[in-house]
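What follows is protein_15.tsv (TSV, C-alpha atoms and all ligand atoms).
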```
chain	number	residue	atom	x	y	z
X	1	MET	CA	0.00	0.00	0.00
X	2	ILE	CA	2.74	2.39	1.03
X	3	ARG	CA	4.75	1.38	-2.06
X	4	HIS	CA	1.68	2.16	-4.18
X	5	THR	CA	1.33	5.61	-2.61
X	6	ILE	CA	5.04	6.43	-3.16
X	7	ALA	CA	4.80	5.34	-6.76
X	8	LEU	CA	1.75	7.55	-7.30
X	9	ILE	CA	3.46	10.55	-5.71
X	10	MET	CA	6.53	10.01	-7.91
X	11	ILE	CA	4.44	9.84	-11.07
X	12	ALA	CA	2.58	12.99	-10.02
X	13	CYS	CA	5.91	14.77	-9.45
X	14	MET	CA	7.25	13.70	-12.83
X	15	LEU	CA	4.15	14.94	-14.59
X	16	LEU	CA	4.26	18.29	-12.79
X	17	SER	CA	7.92	18.88	-13.56
X	18	ALA	CA	7.37	17.96	-17.18
X	19	CYS	CA	4.64	20.56	-17.41
X	20	GLY	CA	6.85	23.06	-15.60
X	21	THR	CA	9.69	22.76	-18.09
X	22	LYS	CA	7.27	23.10	-20.95
X	23	VAL	CA	6.01	26.40	-19.51
X	24	GLU	CA	9.56	27.73	-18.93
X	25	THR	CA	10.90	27.02	-22.42
X	26	THR	CA	8.32	29.01	-24.38
X	27	PRO	CA	9.19	32.65	-23.58
X	28	GLU	CA	13.03	32.36	-24.11
X	29	SER	CA	13.45	33.39	-27.69
X	30	THR	CA	14.04	36.62	-29.62
X	31	LYS	CA	16.42	39.46	-28.82
X	32	PRO	CA	16.02	42.72	-30.76
X	33	ASN	CA	18.88	43.61	-33.12
X	34	ASP	CA	19.49	47.34	-32.95
X	35	ASP	CA	22.06	47.58	-35.73
X	36	SER	CA	19.62	49.18	-38.12
X	37	VAL	CA	18.82	51.93	-35.62
X	38	THR	CA	22.45	52.98	-35.08
X	39	SER	CA	23.29	53.05	-38.76
X	40	THR	CA	20.42	55.42	-39.53
X	41	LYS	CA	21.67	57.71	-36.80
X	42	GLU	CA	25.13	57.85	-38.37
X	43	GLN	CA	23.69	58.71	-41.73
X	44	GLN	CA	21.73	61.60	-40.27
X	45	ASN	CA	24.80	63.08	-38.60
X	46	GLU	CA	26.93	63.11	-41.71
X	47	PRO	CA	27.67	66.73	-42.62
X	48	THR	CA	27.12	67.88	-46.17
X	49	SER	CA	29.92	70.35	-46.54
X	50	THR	CA	30.10	70.35	-50.32
X	51	GLY	CA	27.28	72.82	-50.71
X	52	THR	CA	28.74	75.52	-48.50
X	53	SER	CA	31.71	76.34	-50.69
X	54	GLU	CA	29.62	76.92	-53.78
X	55	LYS	CA	28.11	80.27	-52.80
X	56	GLN	CA	30.91	82.42	-54.11
X	57	THR	CA	31.18	81.00	-57.60
X	58	THR	CA	31.65	84.50	-59.03
X	59	ASP	CA	35.20	84.67	-57.68
X	60	SER	CA	36.02	81.15	-58.65
X	61	PRO	CA	36.54	80.12	-62.23
X	62	SER	CA	37.77	76.70	-61.12
X	63	SER	CA	34.97	75.61	-58.79
X	64	THR	CA	32.29	73.21	-59.97
X	65	ASP	CA	28.63	74.06	-59.93
X	66	SER	CA	27.25	70.56	-59.57
X	67	ASP	CA	26.45	70.82	-55.87
X	68	SER	CA	25.29	74.41	-55.80
X	69	ASN	CA	21.63	73.51	-55.33
X	70	THR	CA	22.43	71.98	-51.95
X	71	ASP	CA	23.55	75.30	-50.52
X	72	GLN	CA	23.06	74.53	-46.84
X	73	ALA	CA	23.98	77.15	-44.32
X	74	SER	CA	23.00	75.31	-41.15
X	75	PRO	CA	25.76	72.68	-40.79
X	76	SER	CA	28.54	75.22	-41.10
X	77	ASN	CA	26.83	77.63	-38.71
X	78	ASP	CA	26.65	74.91	-36.07
X	79	GLU	CA	30.33	74.21	-36.44
X	80	THR	CA	31.24	77.89	-36.21
X	81	SER	CA	29.46	78.27	-32.90
X	82	LEU	CA	31.23	75.16	-31.62
X	83	THR	CA	34.69	76.50	-32.42
X	84	GLU	CA	33.81	79.87	-30.92
X	85	LYS	CA	32.88	78.09	-27.71
X	86	GLU	CA	36.24	76.34	-27.68
X	87	GLY	CA	37.95	79.69	-28.09
X	88	THR	CA	36.32	81.18	-25.01
X	89	ASP	CA	37.51	78.23	-22.93
X	90	ASN	CA	41.04	79.49	-23.41
X	91	ALA	CA	40.31	83.00	-22.23
X	92	PRO	CA	41.05	82.61	-18.49
X	93	ASP	CA	44.58	81.35	-19.29
X	94	SER	CA	45.44	84.37	-21.38
X	95	GLN	CA	47.54	87.16	-19.94
X	96	VAL	CA	46.04	89.60	-22.40
X	97	ALA	CA	42.31	90.15	-22.02
X	98	GLU	CA	40.44	88.56	-24.91
X	99	VAL	CA	38.36	91.09	-26.74
X	100	ASN	CA	34.99	89.76	-27.76
X	101	ILE	CA	34.67	90.87	-31.36
X	102	GLU	CA	31.51	90.19	-33.33
X	103	LYS	CA	31.99	87.89	-36.32
X	104	THR	CA	30.78	90.16	-39.12
X	105	TYR	CA	32.94	88.70	-41.92
X	106	HIS	CA	33.61	85.28	-43.39
X	107	MET	CA	36.09	83.80	-45.84
X	108	ASN	CA	34.89	82.33	-49.13
X	109	ALA	CA	36.21	79.28	-50.98
X	110	ASN	CA	38.80	81.43	-52.75
X	111	TYR	CA	40.16	82.92	-49.53
X	112	TYR	CA	38.54	86.35	-50.01
X	113	ILE	CA	37.08	88.10	-46.99
X	114	LYS	CA	33.39	88.91	-47.42
X	115	PRO	CA	30.93	90.81	-45.21
X	116	ASN	CA	28.15	88.71	-43.69
X	117	ASP	CA	25.56	91.35	-44.56
X	118	LYS	CA	25.14	94.77	-46.14
X	119	THR	CA	25.76	96.65	-42.90
X	120	SER	CA	29.48	95.72	-43.04
X	121	GLU	CA	31.92	97.36	-45.44
X	122	SER	CA	32.89	95.15	-48.41
X	123	LYS	CA	35.98	97.19	-49.40
X	124	VAL	CA	38.26	95.55	-46.87
X	125	VAL	CA	41.59	93.74	-47.04
X	126	LEU	CA	43.17	91.19	-44.72
X	127	LEU	CA	46.85	91.80	-43.92
X	128	THR	CA	49.07	88.80	-43.18
X	129	PHE	CA	52.80	88.33	-42.52
X	130	ASP	CA	54.30	84.84	-42.81
X	131	ASP	CA	57.45	83.00	-41.74
X	132	GLY	CA	58.24	84.74	-38.45
X	133	PRO	CA	59.07	85.43	-35.80
X	134	LYS	CA	62.57	86.37	-36.91
X	135	GLU	CA	63.79	89.71	-35.55
X	136	GLU	CA	62.54	92.12	-32.94
X	137	LYS	CA	63.40	95.14	-35.06
X	138	MET	CA	61.36	93.95	-38.06
X	139	ILE	CA	58.41	92.88	-35.90
X	140	ASN	CA	58.28	96.19	-34.08
X	141	GLY	CA	58.70	98.01	-37.39
X	142	LEU	CA	55.70	96.23	-38.89
X	143	ILE	CA	53.56	96.71	-35.77
X	144	ASP	CA	54.48	100.42	-35.44
X	145	THR	CA	53.12	100.93	-38.96
X	146	LEU	CA	50.05	98.77	-38.30
X	147	ASP	CA	49.32	100.83	-35.18
X	148	LYS	CA	49.72	104.08	-37.13
X	149	HIS	CA	47.02	102.86	-39.52
X	150	ASN	CA	44.91	101.35	-36.75
X	151	ALA	CA	45.23	97.95	-38.41
X	152	LYS	CA	45.37	94.36	-37.18
X	153	ALA	CA	47.16	91.61	-39.08
X	154	ILE	CA	47.76	87.88	-38.76
X	155	PHE	CA	51.37	86.87	-38.13
X	156	PHE	CA	51.65	83.28	-39.37
X	157	VAL	CA	54.51	81.74	-37.39
X	158	ASN	CA	56.61	78.60	-37.73
X	159	GLY	CA	57.00	76.46	-34.62
X	160	TYR	CA	60.76	76.06	-34.90
X	161	ARG	CA	61.15	79.84	-34.93
X	162	VAL	CA	58.88	80.25	-31.91
X	163	LYS	CA	60.99	77.69	-30.09
X	164	SER	CA	64.15	79.74	-30.78
X	165	HIS	CA	62.51	83.09	-29.94
X	166	PRO	CA	59.45	82.73	-27.73
X	167	GLU	CA	59.96	86.35	-26.59
X	168	LEU	CA	59.26	87.56	-30.14
X	169	LEU	CA	55.93	85.74	-30.16
X	170	GLU	CA	55.08	87.49	-26.92
X	171	ILE	CA	55.84	90.89	-28.48
X	172	ILE	CA	53.41	90.24	-31.34
X	173	HIS	CA	50.72	89.07	-28.93
X	174	LYS	CA	51.19	91.77	-26.32
X	175	ARG	CA	51.12	94.48	-28.95
X	176	GLY	CA	47.63	93.28	-29.89
X	177	GLN	CA	48.29	91.54	-33.18
X	178	VAL	CA	46.94	88.10	-34.10
X	179	ILE	CA	49.02	84.91	-34.22
X	180	GLY	CA	48.43	82.30	-36.92
X	181	ASN	CA	49.80	78.75	-37.28
X	182	HIS	CA	52.16	78.24	-40.26
X	183	ALA	CA	53.24	74.67	-39.32
X	184	TRP	CA	56.28	73.69	-37.26
X	185	ASP	CA	58.75	73.48	-40.15
X	186	HIS	CA	58.54	75.41	-43.38
X	187	GLU	CA	58.03	72.28	-45.45
X	188	ASP	CA	55.47	70.97	-47.93
X	189	LEU	CA	52.85	69.27	-45.76
X	190	LYS	CA	51.28	67.63	-48.80
X	191	LYS	CA	54.37	65.46	-49.17
X	192	MET	CA	54.12	64.20	-45.58
X	193	SER	CA	52.00	61.39	-44.14
X	194	THR	CA	48.70	62.50	-42.61
X	195	THR	CA	50.09	61.81	-39.13
X	196	ALA	CA	53.31	63.76	-39.69
X	197	ALA	CA	51.42	66.71	-41.19
X	198	ALA	CA	48.99	66.69	-38.26
X	199	LYS	CA	51.91	66.84	-35.84
X	200	GLN	CA	53.24	69.88	-37.72
X	201	VAL	CA	49.92	71.56	-36.92
X	202	THR	CA	49.35	70.45	-33.33
X	203	ASP	CA	52.92	71.09	-32.15
X	204	VAL	CA	52.52	74.75	-33.10
X	205	GLN	CA	49.15	74.94	-31.30
X	206	LYS	CA	50.89	73.64	-28.20
X	207	ILE	CA	53.96	75.88	-28.21
X	208	VAL	CA	51.89	78.99	-28.92
X	209	LYS	CA	49.45	78.10	-26.11
X	210	ASP	CA	52.35	77.42	-23.76
X	211	THR	CA	53.99	80.76	-24.68
X	212	ILE	CA	51.10	83.25	-24.80
X	213	GLY	CA	48.20	81.33	-23.25
X	214	VAL	CA	45.98	81.09	-26.32
X	215	GLU	CA	45.97	78.87	-29.38
X	216	PRO	CA	46.00	80.22	-32.94
X	217	GLN	CA	42.64	80.33	-34.71
X	218	PHE	CA	44.05	80.67	-38.23
X	219	PHE	CA	46.19	78.28	-40.25
X	220	ARG	CA	48.12	78.76	-43.47
X	221	PRO	CA	50.20	75.88	-44.86
X	222	PRO	CA	53.75	76.63	-46.08
X	223	PHE	CA	53.68	77.31	-49.86
X	224	GLY	CA	49.88	77.23	-49.65
X	225	SER	CA	50.23	73.50	-50.12
X	226	GLY	CA	47.69	71.22	-48.45
X	227	ASN	CA	45.10	68.50	-48.97
X	228	ASP	CA	41.77	67.36	-47.54
X	229	ALA	CA	43.38	65.43	-44.67
X	230	LEU	CA	45.30	68.55	-43.60
X	231	LYS	CA	42.17	70.67	-43.85
X	232	ALA	CA	40.38	68.18	-41.60
X	233	THR	CA	43.19	68.37	-39.02
X	234	VAL	CA	43.07	72.16	-39.09
X	235	LYS	CA	39.30	72.15	-38.62
X	236	LYS	CA	39.57	69.65	-35.76
X	237	ASN	CA	41.93	72.07	-34.05
X	238	GLY	CA	39.36	74.86	-34.28
X	239	MET	CA	41.17	76.90	-36.93
X	240	LEU	CA	40.24	78.55	-40.20
X	241	TYR	CA	42.35	77.22	-43.09
X	242	MET	CA	43.52	79.71	-45.69
X	243	THR	CA	46.09	80.34	-48.36
X	244	TRP	CA	45.78	83.85	-49.90
X	245	SER	CA	44.26	85.78	-52.80
X	246	ASN	CA	46.81	88.60	-53.21
X	247	GLY	CA	50.49	87.67	-53.19
X	248	SER	CA	52.87	90.61	-52.69
X	249	LEU	CA	55.71	88.54	-54.23
X	250	ASP	CA	57.96	89.99	-51.52
X	251	TRP	CA	59.55	86.52	-51.31
X	252	ASP	CA	60.40	86.48	-55.00
X	253	LYS	CA	63.81	87.37	-56.43
X	254	SER	CA	62.16	90.06	-58.59
X	255	THR	CA	61.08	91.97	-55.49
X	256	LYS	CA	64.05	91.48	-53.19
X	257	ASN	CA	65.25	94.81	-51.75
X	258	LYS	CA	62.58	96.65	-53.76
X	259	PRO	CA	59.89	98.07	-51.46
X	260	GLU	CA	58.28	99.90	-54.39
X	261	LYS	CA	57.67	96.56	-56.11
X	262	VAL	CA	55.98	95.11	-53.02
X	263	ILE	CA	53.60	98.08	-53.10
X	264	GLN	CA	52.95	97.80	-56.84
X	265	ASN	CA	52.37	94.05	-56.74
X	266	VAL	CA	49.73	94.38	-54.03
X	267	LEU	CA	47.99	97.35	-55.65
X	268	ASP	CA	47.89	95.56	-59.02
X	269	GLN	CA	45.83	92.75	-57.47
X	270	LEU	CA	43.75	94.81	-55.06
X	271	ASN	CA	40.10	93.75	-54.84
X	272	PRO	CA	37.38	93.94	-52.19
X	273	GLY	CA	38.21	91.17	-49.72
X	274	SER	CA	41.85	90.72	-50.80
X	275	ASN	CA	43.73	88.36	-48.51
X	276	ILE	CA	47.22	89.86	-48.78
X	277	LEU	CA	50.27	87.65	-48.30
X	278	MET	CA	53.43	89.39	-47.12
X	279	HIS	CA	56.44	88.27	-45.11
X	280	GLU	CA	58.62	89.43	-42.26
X	281	LEU	CA	61.27	90.82	-44.62
X	282	PRO	CA	63.22	94.14	-44.50
X	283	TRP	CA	61.83	95.52	-47.80
X	284	THR	CA	58.29	94.72	-46.70
X	285	VAL	CA	58.83	96.52	-43.40
X	286	GLU	CA	60.07	99.48	-45.44
X	287	ALA	CA	57.15	99.33	-47.87
X	288	LEU	CA	54.33	98.93	-45.38
X	289	ASP	CA	53.55	102.55	-44.42
X	290	GLU	CA	53.24	103.73	-48.02
X	291	LEU	CA	51.37	100.56	-49.01
X	292	LEU	CA	48.77	100.96	-46.27
X	293	THR	CA	48.39	104.67	-47.09
X	294	LYS	CA	47.75	103.87	-50.76
X	295	ILE	CA	45.28	101.11	-49.89
X	296	GLU	CA	43.38	103.57	-47.68
X	297	GLN	CA	43.44	106.21	-50.41
X	298	LYS	CA	41.61	103.74	-52.65
X	299	GLY	CA	38.81	103.57	-50.10
X	300	TYR	CA	39.72	100.31	-48.38
X	301	THR	CA	39.85	99.55	-44.67
X	302	PHE	CA	41.69	96.77	-42.83
X	303	VAL	CA	39.54	93.94	-41.56
X	304	ASP	CA	40.18	92.80	-38.00
X	305	PRO	CA	41.05	89.09	-38.31
X	306	ARG	CA	39.09	88.39	-35.14
X	307	SER	CA	35.88	89.51	-36.86
X	308	ILE	CA	36.20	86.67	-39.41
X	309	GLU	CA	34.16	83.50	-38.83
X	310	LEU	CA	36.28	80.40	-38.27
X	311	GLU	CA	34.42	78.44	-40.92
X	312	ALA	CA	34.78	79.30	-44.62
X	313	ARG	CA	31.58	79.41	-46.69
X	401	ZN	ZN	55.72	80.65	-45.51
```
Now, as a test, write the supplied structure out as structure tokens.
Amino acid sequence: MIRHTIALIMIACMLLSACGTKVETTPESTKPNDDSVTSTKEQQNEPTSTGTSEKQTTDSPSSTDSDSNTDQASPSNDETSLTEKEGTDNAPDSQVAEVNIEKTYHMNANYYIKPNDKTSESKVVLLTFDDGPKEEKMINGLIDTLDKHNAKAIFFVNGYRVKSHPELLEIIHKRGQVIGNHAWDHEDLKKMSTTAAAKQVTDVQKIVKDTIGVEPQFFRPPFGSGNDALKATVKKNGMLYMTWSNGSLDWDKSTKNKPEKVIQNVLDQLNPGSNILMHELPWTVEALDELLTKIEQKGYTFVDPRSIELEAR
């Protein structure tokens, strides 16, 4: 009798557990695969930068028109505000008070400086001096003349020169002029690997920040030679990439020791928005006062580099 009862209980238990496992197995099945969701997100974030450079086709015989219908202002505006934010982060480190200047100009695809709207003067030029800092006398000579004409310029410096003469970089900064990044060495960045070229850019950002407390916001490659990878590095470092639109030829044999030729070369190519390339050279120092006077006589003013947006369009 007892054996019978035990057997019955055992059978009952077996039946119950069999049912139990059946119930448990059913819900264990599908996991959602989210891959499709993430890939759509990536596609949405992809910036369409091609359209932004097409606005100024009038100045550009070489640029293609194919993308001009996708003229989108919003992506570039977002990026500009981002880089501006990064700039203000540096302000507390600076010994010289950062002046908050409204961005009323922008650079177009051909490196001309253009007003953002009709309230700003279009007859402006941007003054730039490359390849310094070399000598205190030349730097002070250039800045004395700039001050006389109430003008600001970008001094595009090489890192190896800053390393030799950090005190000269401080003079340029303390006298209220703008520092630009001209790569560490004066070499063709296009012939370097992407990594080596990037180091040429970031090493200058670092030494300038370490010397004067703020990083450059403008970049010009030596010889005006660069590629898309370099432009991406420059952008990542919060800088505006530029070459020039008006070469003074002060570096050329034909102009050596001839201040009058520096003046003539610039005036011959003078246009609203001219981005004028000059160098820290004795004959340019000598030419500058007369050159700036003649530029002013033609009705031009000198754009403050700090009023230029850090994103070309
Ligand atoms: Zn140069």
Rank nothing, just name the residue among X:Ile113, X:Met138, X:Met107, X:Val204 nearest to Ser274 of chain X, using only C-alpha atoms.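 Distance minimum relative to Ser274 of chain X lands on X:Ile113.
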Nearest to Val178 of chain X by atom-to-atom distance, counting all atoms listed in the file, from X:Glu215, X:Glu135, X:Asp250, X:Asp268: X:Glu215
May I have a table of the residues of chain X lying at most 7 Å from ligand ZN 401 (chain X), giving each one's closest pair of atoms and their distance in Å to one decimal, counting all atoms listed in the file, ordered by chain and ascending residue number, as JSON lines?
```
{"residue": "X:Asp130", "atom": "CA", "partner": "X:ZN401", "partner_atom": "ZN", "distance": 5.2}
{"residue": "X:Asp131", "atom": "CA", "partner": "X:ZN401", "partner_atom": "ZN", "distance": 4.8}
{"residue": "X:His182", "atom": "CA", "partner": "X:ZN401", "partner_atom": "ZN", "distance": 6.8}
{"residue": "X:His186", "atom": "CA", "partner": "X:ZN401", "partner_atom": "ZN", "distance": 6.3}
{"residue": "X:Pro222", "atom": "CA", "partner": "X:ZN401", "partner_atom": "ZN", "distance": 4.5}
{"residue": "X:Phe223", "atom": "CA", "partner": "X:ZN401", "partner_atom": "ZN", "distance": 5.9}
```
Distance query 12 Å from (54.2, 65.8, -50.3) using only C-alpha atoms, result as a compact mmCIF listing (two decimals) with C-alpha atoms, in the frame of the given file:
```
# COMPACT_ATOMS: atom_id res chain seq x y z
CA GLU X 187 58.03 72.28 -45.45
CA ASP X 188 55.47 70.97 -47.93
CA LEU X 189 52.85 69.27 -45.76
CA LYS X 190 51.28 67.63 -48.80
CA LYS X 191 54.37 65.46 -49.17
CA MET X 192 54.12 64.20 -45.58
CA SER X 193 52.00 61.39 -44.14
CA THR X 194 48.70 62.50 -42.61
CA ALA X 196 53.31 63.76 -39.69
CA ALA X 197 51.42 66.71 -41.19
CA PRO X 222 53.75 76.63 -46.08
CA PHE X 223 53.68 77.31 -49.86
CA SER X 225 50.23 73.50 -50.12
CA GLY X 226 47.69 71.22 -48.45
CA ASN X 227 45.10 68.50 -48.97
CA LEU X 230 45.30 68.55 -43.60
```
Excluding Ala183 of chain X and any residue of its chain fewer than 2 positions from it, enumerate the residues within 6 Å of it, using all atoms listed in the file, and give them as number ranges by chain. X: 158, 181, 185, 200-201
Quick one: write out the picked residues with C-alpha atoms as a compact mmCIF listing (two decimals), in the coordinates of the input?
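The resulting file, out-v4.txt, is shown below:
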```txt
# COMPACT_ATOMS: atom_id res chain seq x y z
CA ASN X 158 56.61 78.60 -37.73
CA ASN X 181 49.80 78.75 -37.28
CA ASP X 185 58.75 73.48 -40.15
CA GLN X 200 53.24 69.88 -37.72
CA VAL X 201 49.92 71.56 -36.92
```
For each of X:Asn140, X:Thr145, X:Ser245, X:Ser120, take the minimum atom-to-atom distance to Gln269 of chain X, counting all atoms listed in the file, then give the residue where this is smallest.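 Residue with the minimum atom-to-atom distance to Gln269 of chain X: X:Ser245.
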Restricting the calculation to only C-alpha atoms, which member of X:Asp289, X:Glu280, X:Asp210, X:Glu167 is positioned closest to Asp144 of chain X?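 Among the listed residues, X:Asp289 lies closest to Asp144 of chain X.
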Selection near Leu127 of chain X, 7 Å with all atoms listed in the file, sequence-local residues under 4 positions removed, as number ranges by chain: X: 153-154, 275-277
